[in-house]
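J.: This is query01.cif (mmCIF, C-alpha atoms).
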data_protein
loop_
_atom_site.group_PDB
_atom_site.id
_atom_site.type_symbol
_atom_site.label_atom_id
_atom_site.label_comp_id
_atom_site.auth_asym_id
_atom_site.auth_seq_id
_atom_site.Cartn_x
_atom_site.Cartn_y
_atom_site.Cartn_z
ATOM 1 C CA MET A 1383 0.000 0.000 0.000
ATOM 2 C CA LYS A 1384 2.935 2.375 0.670
ATOM 3 C CA LEU A 1385 4.090 1.913 -2.923
ATOM 4 C CA VAL A 1386 0.634 2.712 -4.203
ATOM 5 C CA LYS A 1387 0.345 5.884 -2.126
ATOM 6 C CA SER A 1388 3.853 7.052 -3.001
ATOM 7 C CA SER A 1389 3.257 6.489 -6.709
ATOM 8 C CA ARG A 1390 0.051 8.521 -6.587
ATOM 9 C CA LYS A 1391 1.789 11.327 -4.680
ATOM 10 C CA LYS A 1392 4.793 11.334 -7.037
ATOM 11 C CA LEU A 1393 2.748 11.735 -10.222
ATOM 12 C CA ASN A 1394 0.483 14.389 -8.718
ATOM 13 C CA LEU A 1395 3.507 16.405 -7.578
ATOM 14 C CA GLU A 1396 5.044 16.111 -11.049
ATOM 15 C CA SER A 1397 1.819 17.415 -12.617
ATOM 16 C CA LYS A 1398 1.615 20.351 -10.194
ATOM 17 C CA GLU A 1399 5.232 21.237 -10.919
ATOM 18 C CA PHE A 1400 4.635 21.054 -14.674
ATOM 19 C CA PHE A 1401 1.610 23.365 -14.437
ATOM 20 C CA ARG A 1402 3.608 25.779 -12.251
ATOM 21 C CA LYS A 1403 6.591 25.996 -14.607
ATOM 22 C CA ASN A 1404 4.798 25.908 -17.950
ATOM 23 C CA MET A 1405 2.203 28.311 -19.307
ATOM 24 C CA LEU A 1406 0.087 25.913 -21.317
ATOM 25 C CA THR A 1407 -1.195 27.122 -24.665
ATOM 26 C CA THR A 1408 -4.556 25.585 -23.807
ATOM 27 C CA GLU A 1409 -4.716 27.847 -20.737
ATOM 28 C CA SER A 1410 -3.621 31.043 -22.491
ATOM 29 C CA THR A 1411 -5.923 34.052 -22.692
ATOM 30 C CA SER A 1412 -8.469 34.161 -25.491
ATOM 31 C CA ASN A 1413 -7.923 36.399 -28.507
ATOM 32 C CA HIS A 1414 -11.431 37.752 -27.849
ATOM 33 C CA ASP A 1415 -12.732 39.725 -24.889
ATOM 34 C CA ASN A 1416 -15.934 41.276 -23.536
ATOM 35 C CA LEU A 1417 -17.810 38.269 -24.897
ATOM 36 C CA GLU A 1418 -20.894 39.042 -22.852
ATOM 37 C CA ASN A 1419 -21.304 42.303 -24.760
ATOM 38 C CA LYS A 1420 -21.162 40.789 -28.242
ATOM 39 C CA SER A 1421 -24.185 40.177 -30.436
ATOM 40 C CA THR A 1422 -25.150 36.611 -31.287
ATOM 41 C CA LEU A 1423 -23.936 37.089 -34.848
ATOM 42 C CA ASN A 1424 -20.532 38.379 -33.745
ATOM 43 C CA LEU A 1425 -20.138 35.551 -31.246
ATOM 44 C CA LEU A 1426 -20.842 32.990 -33.956
ATOM 45 C CA LYS A 1427 -18.530 34.670 -36.460
ATOM 46 C CA ASP A 1428 -15.674 34.870 -33.957
ATOM 47 C CA ILE A 1429 -16.071 31.239 -32.902
ATOM 48 C CA ASN A 1430 -16.074 30.217 -36.548
ATOM 49 C CA VAL A 1431 -12.897 32.197 -37.259
ATOM 50 C CA GLU A 1432 -11.133 30.367 -34.430
ATOM 51 C CA ASP A 1433 -12.459 26.988 -35.580
ATOM 52 C CA GLN A 1434 -11.112 27.497 -39.102
ATOM 53 C CA SER A 1435 -7.553 27.429 -37.767
ATOM 54 C CA VAL A 1436 -7.890 23.916 -36.337
ATOM 55 C CA PRO A 1437 -7.478 21.812 -39.532
ATOM 56 C CA HIS A 1438 -4.284 23.722 -40.353
ATOM 57 C CA SER A 1439 -2.887 22.882 -36.915
ATOM 58 C CA VAL A 1440 -3.776 19.224 -37.441
ATOM 59 C CA ASN A 1441 -2.076 19.267 -40.838
ATOM 60 C CA ASN A 1442 1.150 20.393 -39.168
ATOM 61 C CA GLU A 1443 1.208 17.064 -37.302
ATOM 62 C CA ILE A 1444 0.267 14.818 -40.235
ATOM 63 C CA ASN A 1445 3.595 12.938 -40.161
ATOM 64 C CA ALA A 1446 3.201 12.196 -36.462
ATOM 65 C CA ILE A 1447 -0.329 10.920 -37.120
ATOM 66 C CA GLN A 1448 0.988 8.714 -39.928
ATOM 67 C CA ASN A 1449 3.641 7.213 -37.658
ATOM 68 C CA LEU A 1450 1.035 6.388 -35.018
ATOM 69 C CA VAL A 1451 -1.405 4.843 -37.508
ATOM 70 C CA ASP A 1452 1.273 2.659 -39.092
ATOM 71 C CA ALA A 1453 2.437 1.425 -35.689
ATOM 72 C CA ALA A 1454 -1.104 0.732 -34.499
ATOM 73 C CA TYR A 1455 -1.838 -1.125 -37.727
ATOM 74 C CA GLN A 1456 1.104 -3.437 -37.155
ATOM 75 C CA THR A 1457 -0.293 -4.517 -33.790
ATOM 76 C CA MET A 1458 -3.943 -4.662 -34.884
ATOM 77 C CA SER A 1459 -3.174 -6.667 -38.031
ATOM 78 C CA GLN A 1460 -1.791 -9.339 -35.701
ATOM 79 C CA GLY A 1461 -4.943 -9.447 -33.590
ATOM 80 C CA GLY A 1462 -4.175 -6.622 -31.197
ATOM 81 C CA ARG A 1463 -6.712 -4.096 -29.953
ATOM 82 C CA LEU A 1464 -6.787 -0.304 -29.853
ATOM 83 C CA PHE A 1465 -7.478 1.556 -26.605
ATOM 84 C CA TYR A 1466 -8.253 5.239 -26.110
ATOM 85 C CA ILE A 1467 -7.928 6.467 -22.545
ATOM 86 C CA GLY A 1468 -8.702 10.000 -21.377
ATOM 87 C CA SER A 1469 -10.669 12.186 -19.001
ATOM 88 C CA GLY A 1470 -13.420 14.758 -19.474
ATOM 89 C CA THR A 1471 -13.978 15.866 -23.066
ATOM 90 C CA SER A 1472 -10.935 13.895 -24.238
ATOM 91 C CA GLY A 1473 -12.273 10.690 -22.722
ATOM 92 C CA ARG A 1474 -15.730 11.252 -24.198
ATOM 93 C CA LEU A 1475 -14.283 11.796 -27.663
ATOM 94 C CA GLY A 1476 -12.341 8.545 -27.397
ATOM 95 C CA ILE A 1477 -15.492 6.683 -26.382
ATOM 96 C CA LEU A 1478 -17.437 8.274 -29.249
ATOM 97 C CA ASP A 1479 -14.845 7.199 -31.808
ATOM 98 C CA ALA A 1480 -14.591 3.678 -30.407
ATOM 99 C CA SER A 1481 -18.363 3.215 -30.213
ATOM 100 C CA GLU A 1482 -18.815 4.082 -33.889
ATOM 101 C CA CYS A 1483 -16.383 1.463 -35.218
ATOM 102 C CA PRO A 1484 -18.633 -1.618 -34.784
ATOM 103 C CA PRO A 1485 -21.697 -0.227 -36.623
ATOM 104 C CA THR A 1486 -19.635 1.522 -39.301
ATOM 105 C CA TYR A 1487 -17.130 -1.217 -40.029
ATOM 106 C CA GLY A 1488 -18.661 -4.369 -38.558
ATOM 107 C CA VAL A 1489 -15.790 -5.020 -36.166
ATOM 108 C CA ASP A 1490 -16.184 -6.679 -32.798
ATOM 109 C CA PRO A 1491 -16.836 -4.072 -30.042
ATOM 110 C CA ARG A 1492 -13.671 -5.247 -28.286
ATOM 111 C CA VAL A 1493 -11.395 -4.236 -31.189
ATOM 112 C CA VAL A 1494 -11.519 -0.481 -30.457
ATOM 113 C CA ASN A 1495 -12.118 0.528 -26.837
ATOM 114 C CA GLY A 1496 -12.755 3.874 -25.157
ATOM 115 C CA ILE A 1497 -12.022 4.359 -21.451
ATOM 116 C CA ILE A 1498 -12.825 7.498 -19.444
ATOM 117 C CA ALA A 1499 -11.748 8.618 -15.977
ATOM 118 C CA GLY A 1500 -14.653 8.108 -13.624
ATOM 119 C CA GLY A 1501 -16.178 5.229 -15.591
ATOM 120 C CA ASP A 1502 -19.311 5.196 -17.705
ATOM 121 C CA GLN A 1503 -21.135 7.666 -15.453
ATOM 122 C CA ALA A 1504 -18.553 10.282 -16.489
ATOM 123 C CA ILE A 1505 -19.757 10.094 -20.095
ATOM 124 C CA ARG A 1506 -22.732 12.267 -19.141
ATOM 125 C CA ASN A 1507 -21.715 13.834 -15.833
ATOM 126 C CA ALA A 1508 -18.328 15.044 -14.635
ATOM 127 C CA VAL A 1509 -16.859 12.924 -11.838
ATOM 128 C CA GLU A 1510 -14.987 15.083 -9.334
ATOM 129 C CA ASN A 1511 -11.204 14.550 -9.182
ATOM 130 C CA ALA A 1512 -11.365 11.468 -11.454
ATOM 131 C CA GLU A 1513 -8.639 12.755 -13.769
ATOM 132 C CA ASP A 1514 -6.293 13.419 -10.840
ATOM 133 C CA ASP A 1515 -5.926 9.739 -9.863
ATOM 134 C CA PRO A 1516 -2.732 8.424 -11.531
ATOM 135 C CA LEU A 1517 -3.410 4.812 -10.571
ATOM 136 C CA GLN A 1518 -6.973 4.289 -11.751
ATOM 137 C CA GLY A 1519 -6.135 4.527 -15.461
ATOM 138 C CA TRP A 1520 -4.027 1.401 -15.342
ATOM 139 C CA TYR A 1521 -6.622 -0.424 -13.232
ATOM 140 C CA ASP A 1522 -9.222 0.413 -15.872
ATOM 141 C CA LEU A 1523 -6.981 -0.843 -18.683
ATOM 142 C CA ASP A 1524 -6.101 -3.971 -16.732
ATOM 143 C CA ASN A 1525 -9.812 -4.782 -16.401
ATOM 144 C CA HIS A 1526 -9.700 -5.265 -20.188
ATOM 145 C CA HIS A 1527 -6.624 -7.517 -19.845
ATOM 146 C CA VAL A 1528 -4.541 -5.085 -21.897
ATOM 147 C CA ASN A 1529 -1.296 -6.685 -23.071
ATOM 148 C CA LYS A 1530 1.724 -6.185 -25.336
ATOM 149 C CA LEU A 1531 -0.300 -7.084 -28.429
ATOM 150 C CA ASP A 1532 -2.452 -3.971 -27.915
ATOM 151 C CA PHE A 1533 -1.903 -0.276 -28.675
ATOM 152 C CA VAL A 1534 -2.920 2.393 -26.138
ATOM 153 C CA ILE A 1535 -3.506 6.070 -26.971
ATOM 154 C CA GLY A 1536 -3.703 8.572 -24.121
ATOM 155 C CA ILE A 1537 -5.819 11.651 -24.858
ATOM 156 C CA SER A 1538 -5.447 14.849 -22.834
ATOM 157 C CA ALA A 1539 -5.788 18.419 -24.089
ATOM 158 C CA SER A 1540 -3.386 19.693 -21.436
ATOM 159 C CA GLY A 1541 -1.171 16.652 -21.949
ATOM 160 C CA ALA A 1542 -0.815 16.373 -18.189
ATOM 161 C CA ALA A 1543 -3.869 14.544 -16.789
ATOM 162 C CA PRO A 1544 -2.484 12.253 -14.032
ATOM 163 C CA TYR A 1545 -5.094 9.579 -14.872
ATOM 164 C CA VAL A 1546 -3.661 9.314 -18.379
ATOM 165 C CA GLN A 1547 -0.052 9.680 -17.253
ATOM 166 C CA GLY A 1548 -0.314 6.802 -14.824
ATOM 167 C CA ALA A 1549 -1.888 4.525 -17.414
ATOM 168 C CA LEU A 1550 0.818 5.287 -19.979
ATOM 169 C CA GLU A 1551 3.608 4.817 -17.455
ATOM 170 C CA LYS A 1552 2.345 1.326 -16.596
ATOM 171 C CA CYS A 1553 1.933 0.497 -20.281
ATOM 172 C CA LYS A 1554 5.596 1.306 -20.808
ATOM 173 C CA GLU A 1555 6.555 -0.940 -17.887
ATOM 174 C CA ASN A 1556 4.557 -3.746 -19.518
ATOM 175 C CA ASN A 1557 6.018 -3.278 -23.037
ATOM 176 C CA ILE A 1558 2.741 -2.032 -24.512
ATOM 177 C CA LEU A 1559 3.086 0.391 -27.436
ATOM 178 C CA THR A 1560 1.619 3.806 -26.723
ATOM 179 C CA GLY A 1561 0.569 7.006 -28.460
ATOM 180 C CA ALA A 1562 -0.724 10.338 -27.209
ATOM 181 C CA ILE A 1563 -2.933 13.158 -28.442
ATOM 182 C CA ALA A 1564 -2.252 16.441 -26.646
ATOM 183 C CA CYS A 1565 -2.842 20.104 -27.490
ATOM 184 C CA ASN A 1566 0.299 21.506 -25.914
ATOM 185 C CA LYS A 1567 3.917 21.174 -27.017
ATOM 186 C CA PRO A 1568 5.862 20.004 -25.162
ATOM 187 C CA SER A 1569 3.493 17.869 -23.095
ATOM 188 C CA ILE A 1570 4.045 15.366 -20.314
ATOM 189 C CA ILE A 1571 2.214 12.539 -22.051
ATOM 190 C CA GLY A 1572 3.929 13.373 -25.336
ATOM 191 C CA SER A 1573 7.281 12.767 -23.682
ATOM 192 C CA MET A 1574 6.119 9.434 -22.234
ATOM 193 C CA VAL A 1575 4.910 7.605 -25.333
ATOM 194 C CA ASP A 1576 6.292 5.931 -28.434
ATOM 195 C CA TYR A 1577 4.152 7.912 -30.877
ATOM 196 C CA PRO A 1578 3.190 11.426 -29.702
ATOM 197 C CA ILE A 1579 0.803 13.758 -31.527
ATOM 198 C CA GLU A 1580 1.000 17.274 -30.099
ATOM 199 C CA VAL A 1581 -1.300 19.611 -32.035
ATOM 200 C CA VAL A 1582 -1.238 23.218 -30.853
ATOM 201 C CA VAL A 1583 -4.439 25.071 -31.738
ATOM 202 C CA GLY A 1584 -3.778 28.251 -29.763
ATOM 203 C CA PRO A 1585 -5.976 29.994 -27.185
ATOM 204 C CA GLU A 1586 -9.564 28.872 -26.865
ATOM 205 C CA PHE A 1587 -12.411 31.279 -27.671
ATOM 206 C CA VAL A 1588 -13.479 31.067 -24.042
ATOM 207 C CA THR A 1589 -10.213 30.973 -22.121
ATOM 208 C CA GLY A 1590 -9.340 27.415 -21.108
ATOM 209 C CA SER A 1591 -12.473 25.825 -22.613
ATOM 210 C CA THR A 1592 -10.674 22.933 -24.280
ATOM 211 C CA ARG A 1593 -13.905 21.295 -25.396
ATOM 212 C CA MET A 1594 -13.792 23.847 -28.228
ATOM 213 C CA LYS A 1595 -10.741 24.042 -30.542
ATOM 214 C CA SER A 1596 -8.756 21.395 -28.677
ATOM 215 C CA GLY A 1597 -11.745 19.052 -28.716
ATOM 216 C CA THR A 1598 -12.278 19.690 -32.422
ATOM 217 C CA ALA A 1599 -8.628 18.895 -33.137
ATOM 218 C CA GLN A 1600 -8.831 15.691 -31.123
ATOM 219 C CA LYS A 1601 -11.993 14.642 -32.950
ATOM 220 C CA LEU A 1602 -10.385 15.258 -36.343
ATOM 221 C CA ILE A 1603 -7.328 13.227 -35.361
ATOM 222 C CA LEU A 1604 -9.403 10.368 -33.958
ATOM 223 C CA ASN A 1605 -11.418 10.314 -37.196
ATOM 224 C CA MET A 1606 -8.172 10.038 -39.125
ATOM 225 C CA ILE A 1607 -6.754 7.294 -36.912
ATOM 226 C CA SER A 1608 -9.791 4.989 -36.808
ATOM 227 C CA THR A 1609 -10.801 5.526 -40.441
ATOM 228 C CA SER A 1610 -7.279 4.872 -41.735
ATOM 229 C CA LEU A 1611 -6.960 1.767 -39.560
ATOM 230 C CA MET A 1612 -10.317 0.341 -40.635
ATOM 231 C CA ILE A 1613 -9.419 0.881 -44.303
ATOM 232 C CA LYS A 1614 -5.989 -0.725 -43.851
ATOM 233 C CA LEU A 1615 -7.601 -3.642 -42.009
ATOM 234 C CA GLY A 1616 -9.833 -4.321 -45.024
ATOM 235 C CA HIS A 1617 -13.232 -3.029 -43.914
ATOM 236 C CA VAL A 1618 -13.605 -0.646 -46.861
ATOM 237 C CA GLN A 1619 -13.688 -1.589 -50.535
ATOM 238 C CA GLY A 1620 -13.330 1.241 -53.023
ATOM 239 C CA ASN A 1621 -14.863 3.935 -50.846
ATOM 240 C CA GLN A 1622 -17.659 1.890 -49.301
ATOM 241 C CA MET A 1623 -18.307 0.377 -45.862
ATOM 242 C CA VAL A 1624 -18.893 -3.190 -46.981
ATOM 243 C CA ASP A 1625 -19.003 -4.599 -43.425
ATOM 244 C CA MET A 1626 -21.357 -2.013 -41.878
ATOM 245 C CA GLN A 1627 -24.074 -3.272 -39.551
ATOM 246 C CA LEU A 1628 -27.632 -3.170 -40.921
ATOM 247 C CA SER A 1629 -29.016 -1.391 -37.891
ATOM 248 C CA ASN A 1630 -31.704 0.748 -39.565
ATOM 249 C CA GLN A 1631 -33.656 1.208 -42.773
ATOM 250 C CA LYS A 1632 -31.300 3.887 -44.094
ATOM 251 C CA LEU A 1633 -28.334 1.508 -43.889
ATOM 252 C CA ILE A 1634 -30.305 -1.342 -45.437
ATOM 253 C CA ALA A 1635 -31.224 0.929 -48.349
ATOM 254 C CA ARG A 1636 -27.595 2.040 -48.680
ATOM 255 C CA GLY A 1637 -26.388 -1.561 -48.630
ATOM 256 C CA THR A 1638 -28.933 -2.541 -51.248
ATOM 257 C CA ARG A 1639 -27.718 0.215 -53.575
ATOM 258 C CA MET A 1640 -24.123 -0.858 -53.035
ATOM 259 C CA ILE A 1641 -24.936 -4.427 -54.059
ATOM 260 C CA MET A 1642 -26.899 -3.228 -57.089
ATOM 261 C CA ASN A 1643 -23.955 -1.076 -58.207
ATOM 262 C CA GLN A 1644 -21.423 -3.850 -57.758
ATOM 263 C CA THR A 1645 -23.430 -6.684 -59.284
ATOM 264 C CA GLY A 1646 -26.001 -5.152 -61.625
ATOM 265 C CA LEU A 1647 -28.785 -6.961 -59.771
ATOM 266 C CA ASP A 1648 -32.248 -5.463 -59.445
ATOM 267 C CA GLU A 1649 -33.298 -3.831 -56.186
ATOM 268 C CA TYR A 1650 -35.505 -6.692 -54.983
ATOM 269 C CA THR A 1651 -32.809 -9.351 -55.475
ATOM 270 C CA ALA A 1652 -30.074 -7.155 -53.992
ATOM 271 C CA ASN A 1653 -32.176 -6.386 -50.916
ATOM 272 C CA ASP A 1654 -33.059 -10.037 -50.446
ATOM 273 C CA LEU A 1655 -29.382 -11.049 -50.621
ATOM 274 C CA LEU A 1656 -28.366 -8.334 -48.181
ATOM 275 C CA LEU A 1657 -30.897 -9.382 -45.567
ATOM 276 C CA LYS A 1658 -30.081 -13.043 -46.049
ATOM 277 C CA HIS A 1659 -26.291 -12.685 -45.719
ATOM 278 C CA GLY A 1660 -26.130 -9.748 -43.294
ATOM 279 C CA SER A 1661 -23.510 -7.595 -45.030
ATOM 280 C CA VAL A 1662 -22.682 -6.115 -48.402
ATOM 281 C CA ARG A 1663 -19.400 -8.036 -48.532
ATOM 282 C CA LYS A 1664 -21.013 -11.432 -47.944
ATOM 283 C CA ALA A 1665 -23.865 -10.737 -50.333
ATOM 284 C CA VAL A 1666 -21.518 -9.737 -53.177
ATOM 285 C CA GLU A 1667 -19.234 -12.705 -52.493
ATOM 286 C CA HIS A 1668 -22.259 -14.977 -52.719
ATOM 287 C CA THR A 1669 -23.063 -13.700 -56.218
ATOM 288 C CA LYS A 1670 -19.574 -14.652 -57.380
ATOM 289 C CA ASN A 1671 -20.400 -18.300 -56.706
ATOM 290 C CA TRP A 1672 -23.492 -18.296 -58.920
#
Take the structure I supplied and represent it as structure tokens, if you would.

T.:
Amino acid sequence: MKLVKSSRKKLNLESKEFFRKNMLTTESTSNHDNLENKSTLNLLKDINVEDQSVPHSVNNEINAIQNLVDAAYQTMSQGGRLFYIGSGTSGRLGILDASECPPTYGVDPRVVNGIIAGGDQAIRNAVENAEDDPLQGWYDLDNHHVNKLDFVIGISASGAAPYVQGALEKCKENNILTGAIACNKPSIIGSMVDYPIEVVVGPEFVTGSTRMKSGTAQKLILNMISTSLMIKLGHVQGNQMVDMQLSNQKLIARGTRMIMNQTGLDEYTANDLLLKHGSVRKAVEHTKNW
């Protein structure tokens, strides 16, 4: 128990010291002031101006994103899993990205996993002090039996959330490949991992509100990571989601059109094959055996 307490104290002290010595870009003062006196139209225009800078900031880190994707693909192509771990907005974005992979690409829900400080209740409601526990992140990963075949990405706008730090530190001790998505450079988690992505988007419109530009940058990067991985793993043919789940009428209609385009079959036959075989891929493969 002494080791546990000392480890928690050590990481929290390191985080406090980092915040004391470094003025984080994500905490810097907004380029806009007197917001309460602005008209609705001016508020919207100013937010939009700030948002337009985000894709350019992401583009500056495209090589780092490529390195992470290629490394994650190597582990996943051998049966490994992908884990996102974060707190607050960062954790929610990881869960959102992970939760959309099964319906979009037909993969098992255990292939891409999102973990948030404070557990599932923190998806909707903030859990006090959850991100400040440097031990819980590893416990949460260990509940999924994370191992050296997997790839773990820590997500933290500040790049200094103790919950994420602790998880990444234990991953390193257990020879698990790691990446990070932070919005400060340099960042603590960026210095800890094998494949850091540190995208600096500048001051937030509302000072320190990292759910805004930082969150947008993280969402764009997560889109890039999961989409590229699913394509490389074979779940897209041409530009189409051939393994998508048929979870509603819109997707059934989309799948039917995809089969019609690929095979020349009429709508009735294509729809019948889709419902019978459960995916566009299987339905089209079946027609090749006719």

J.: Env of segment 1469-1479 of chain A: 8 Å cut, atoms = only C-alpha atoms, seq-sep filter 4 positions within chain, self excluded. Answer as a PDB file with C-alpha atoms, keeping the file's coordinate frame.

T.:
ATOM      1  CA  CYS A1483     -16.383   1.463 -35.218  1.00  0.00           C
ATOM      2  CA  ASN A1495     -12.118   0.528 -26.837  1.00  0.00           C
ATOM      3  CA  GLY A1496     -12.755   3.874 -25.157  1.00  0.00           C
ATOM      4  CA  ILE A1497     -12.022   4.359 -21.451  1.00  0.00           C
ATOM      5  CA  ILE A1498     -12.825   7.498 -19.444  1.00  0.00           C
ATOM      6  CA  ALA A1499     -11.748   8.618 -15.977  1.00  0.00           C
ATOM      7  CA  GLY A1500     -14.653   8.108 -13.624  1.00  0.00           C
ATOM      8  CA  ALA A1504     -18.553  10.282 -16.489  1.00  0.00           C
ATOM      9  CA  ILE A1505     -19.757  10.094 -20.095  1.00  0.00           C
ATOM     10  CA  ALA A1508     -18.328  15.044 -14.635  1.00  0.00           C
ATOM     11  CA  ALA A1512     -11.365  11.468 -11.454  1.00  0.00           C
ATOM     12  CA  GLU A1513      -8.639  12.755 -13.769  1.00  0.00           C
ATOM     13  CA  ILE A1537      -5.819  11.651 -24.858  1.00  0.00           C
ATOM     14  CA  SER A1538      -5.447  14.849 -22.834  1.00  0.00           C
ATOM     15  CA  ALA A1539      -5.788  18.419 -24.089  1.00  0.00           C
ATOM     16  CA  ALA A1543      -3.869  14.544 -16.789  1.00  0.00           C
ATOM     17  CA  TYR A1545      -5.094   9.579 -14.872  1.00  0.00           C
ATOM     18  CA  VAL A1546      -3.661   9.314 -18.379  1.00  0.00           C
ATOM     19  CA  THR A1592     -10.674  22.933 -24.280  1.00  0.00           C
ATOM     20  CA  ARG A1593     -13.905  21.295 -25.396  1.00  0.00           C
ATOM     21  CA  GLY A1597     -11.745  19.052 -28.716  1.00  0.00           C
ATOM     22  CA  GLN A1600      -8.831  15.691 -31.123  1.00  0.00           C
ATOM     23  CA  LYS A1601     -11.993  14.642 -32.950  1.00  0.00           C
ATOM     24  CA  LEU A1604      -9.403  10.368 -33.958  1.00  0.00           C
ATOM     25  CA  ASN A1605     -11.418  10.314 -37.196  1.00  0.00           C
ATOM     26  CA  SER A1608      -9.791   4.989 -36.808  1.00  0.00           C
TER      27      SER A1608
END

J.: Taking (3.0, -4.3, -38.2) in the coordinates of the supplied file, I want to know which residues reach to within 12 Å of it, counting all atoms listed in the file; could you give the answer as a list in words?

T.: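 Residues with an atom at most 12 Å from (3.0, -4.3, -38.2): Asn1449, Leu1450, Val1451, Asp1452, Ala1453, Ala1454, Tyr1455, Gln1456, Thr1457, Met1458, Ser1459, Gln1460, Gly1461, Gly1462, Leu1531, Asp1532, Phe1533, Leu1559, Leu1611, Lys1614 and Leu1615 of chain A.
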
J.: Determine, using only C-alpha atoms, which residues of segment 1567-1618 of chain A have any atom at most 8 Å from an atom of segment 1433-1446 of chain A, and tabulate each with its shortest atom pair and distance in Å to one decimal place, rows ordered by chain and then rising number, as JSON lines.

T.:
{"residue": "A:Tyr1577", "atom": "CA", "partner": "A:Ala1446", "partner_atom": "CA", "distance": 7.1}
{"residue": "A:Pro1578", "atom": "CA", "partner": "A:Ala1446", "partner_atom": "CA", "distance": 6.8}
{"residue": "A:Ile1579", "atom": "CA", "partner": "A:Ala1446", "partner_atom": "CA", "distance": 5.7}
{"residue": "A:Glu1580", "atom": "CA", "partner": "A:Glu1443", "partner_atom": "CA", "distance": 7.2}
{"residue": "A:Val1581", "atom": "CA", "partner": "A:Val1440", "partner_atom": "CA", "distance": 6.0}
{"residue": "A:Val1582", "atom": "CA", "partner": "A:Ser1439", "partner_atom": "CA", "distance": 6.3}
{"residue": "A:Val1583", "atom": "CA", "partner": "A:Ser1439", "partner_atom": "CA", "distance": 5.8}
{"residue": "A:Lys1595", "atom": "CA", "partner": "A:Asp1433", "partner_atom": "CA", "distance": 6.1}
{"residue": "A:Thr1598", "atom": "CA", "partner": "A:Val1436", "partner_atom": "CA", "distance": 7.2}
{"residue": "A:Ala1599", "atom": "CA", "partner": "A:Val1436", "partner_atom": "CA", "distance": 6.0}
{"residue": "A:Leu1602", "atom": "CA", "partner": "A:Val1440", "partner_atom": "CA", "distance": 7.8}
{"residue": "A:Ile1603", "atom": "CA", "partner": "A:Val1440", "partner_atom": "CA", "distance": 7.3}

J.: Would you mind telling me which residue in A:Ser1540, A:Asn1430, A:Asn1653, A:Asn1525 lies nearest to Leu1406 of chain A when using all atoms listed in the file?

T.: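 Checking each candidate against Leu1406 of chain A, we get A:Ser1540 as the closest.
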
J.: Which is closest to Ser1661 of chain A among A:Leu1633, A:Leu1647, A:Val1624, A:Ala1549, if we use only C-alpha atoms?

T.: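 Among A:Leu1633, A:Leu1647, A:Val1624, A:Ala1549, it is A:Val1624 that comes nearest to Ser1661 of chain A.
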
J.: Name the residues in contact with Val1666 of chain A at a cut-off of 12 Å, using all atoms listed in the file, excluding same-chain residues fewer than 5 positions from it; report them as a list of chain:residue names.

T.: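 Near Val1666 of chain A, the qualifying residues are A:Gln1619, A:Val1624, A:Asp1625, A:Gly1637, A:Thr1638, A:Arg1639, A:Met1640, A:Ile1641, A:Met1642, A:Asn1643, A:Gln1644, A:Thr1645, A:Gly1646, A:Leu1647, A:Thr1651, A:Ala1652, A:Asn1653, A:Asp1654, A:Leu1655, A:Leu1656, A:Lys1658, A:His1659, A:Gly1660, A:Ser1661, A:Asn1671, A:Trp1672.
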
J.: When the PyMOL selection byres ((chain A and resi 1626) around 6) is applied to the file above, which residues end up in the set, as number ranges by chain?

T.: A: 1485-1488, 1623-1625, 1627

J.: One decimal, Å: what's the distance from atom CA of Asp1415 of chain A over to atom CA of Phe1587 of chain A, could you say?

T.: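 Atom-to-atom, atom CA of Asp1415 of chain A and atom CA of Phe1587 of chain A are spaced 8.9 Å apart.
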
J.: Between atom CA of Val1431 of chain A and atom CA of Asn1507 of chain A, what is the spacing in Å?

T.: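 Spanning atom CA of Asn1507 of chain A to atom CA of Val1431 of chain A is a straight-line distance of 29.6 Å.
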
J.: Report as a PyMOL selection string the residues that result from applying the PyMOL selection byres ((chain A and resi 1557) around 12) to the structure here.

T.: chain A and resi 1528-1534+1550-1556+1558-1560+1575-1576

J.: So what do you get for atom CA of Tyr1521 of chain A versus atom CA of Gly1548 of chain A, distance-wise?

T.: 9.7 Å

J.: For Asp1428 of chain A, please output as a PyMOL selection string all residues within 8 Å (counting all atoms listed in the file; exclusion window: fewer than 4 positions along the same chain).

T.: chain A and resi 1414+1424+1432+1587
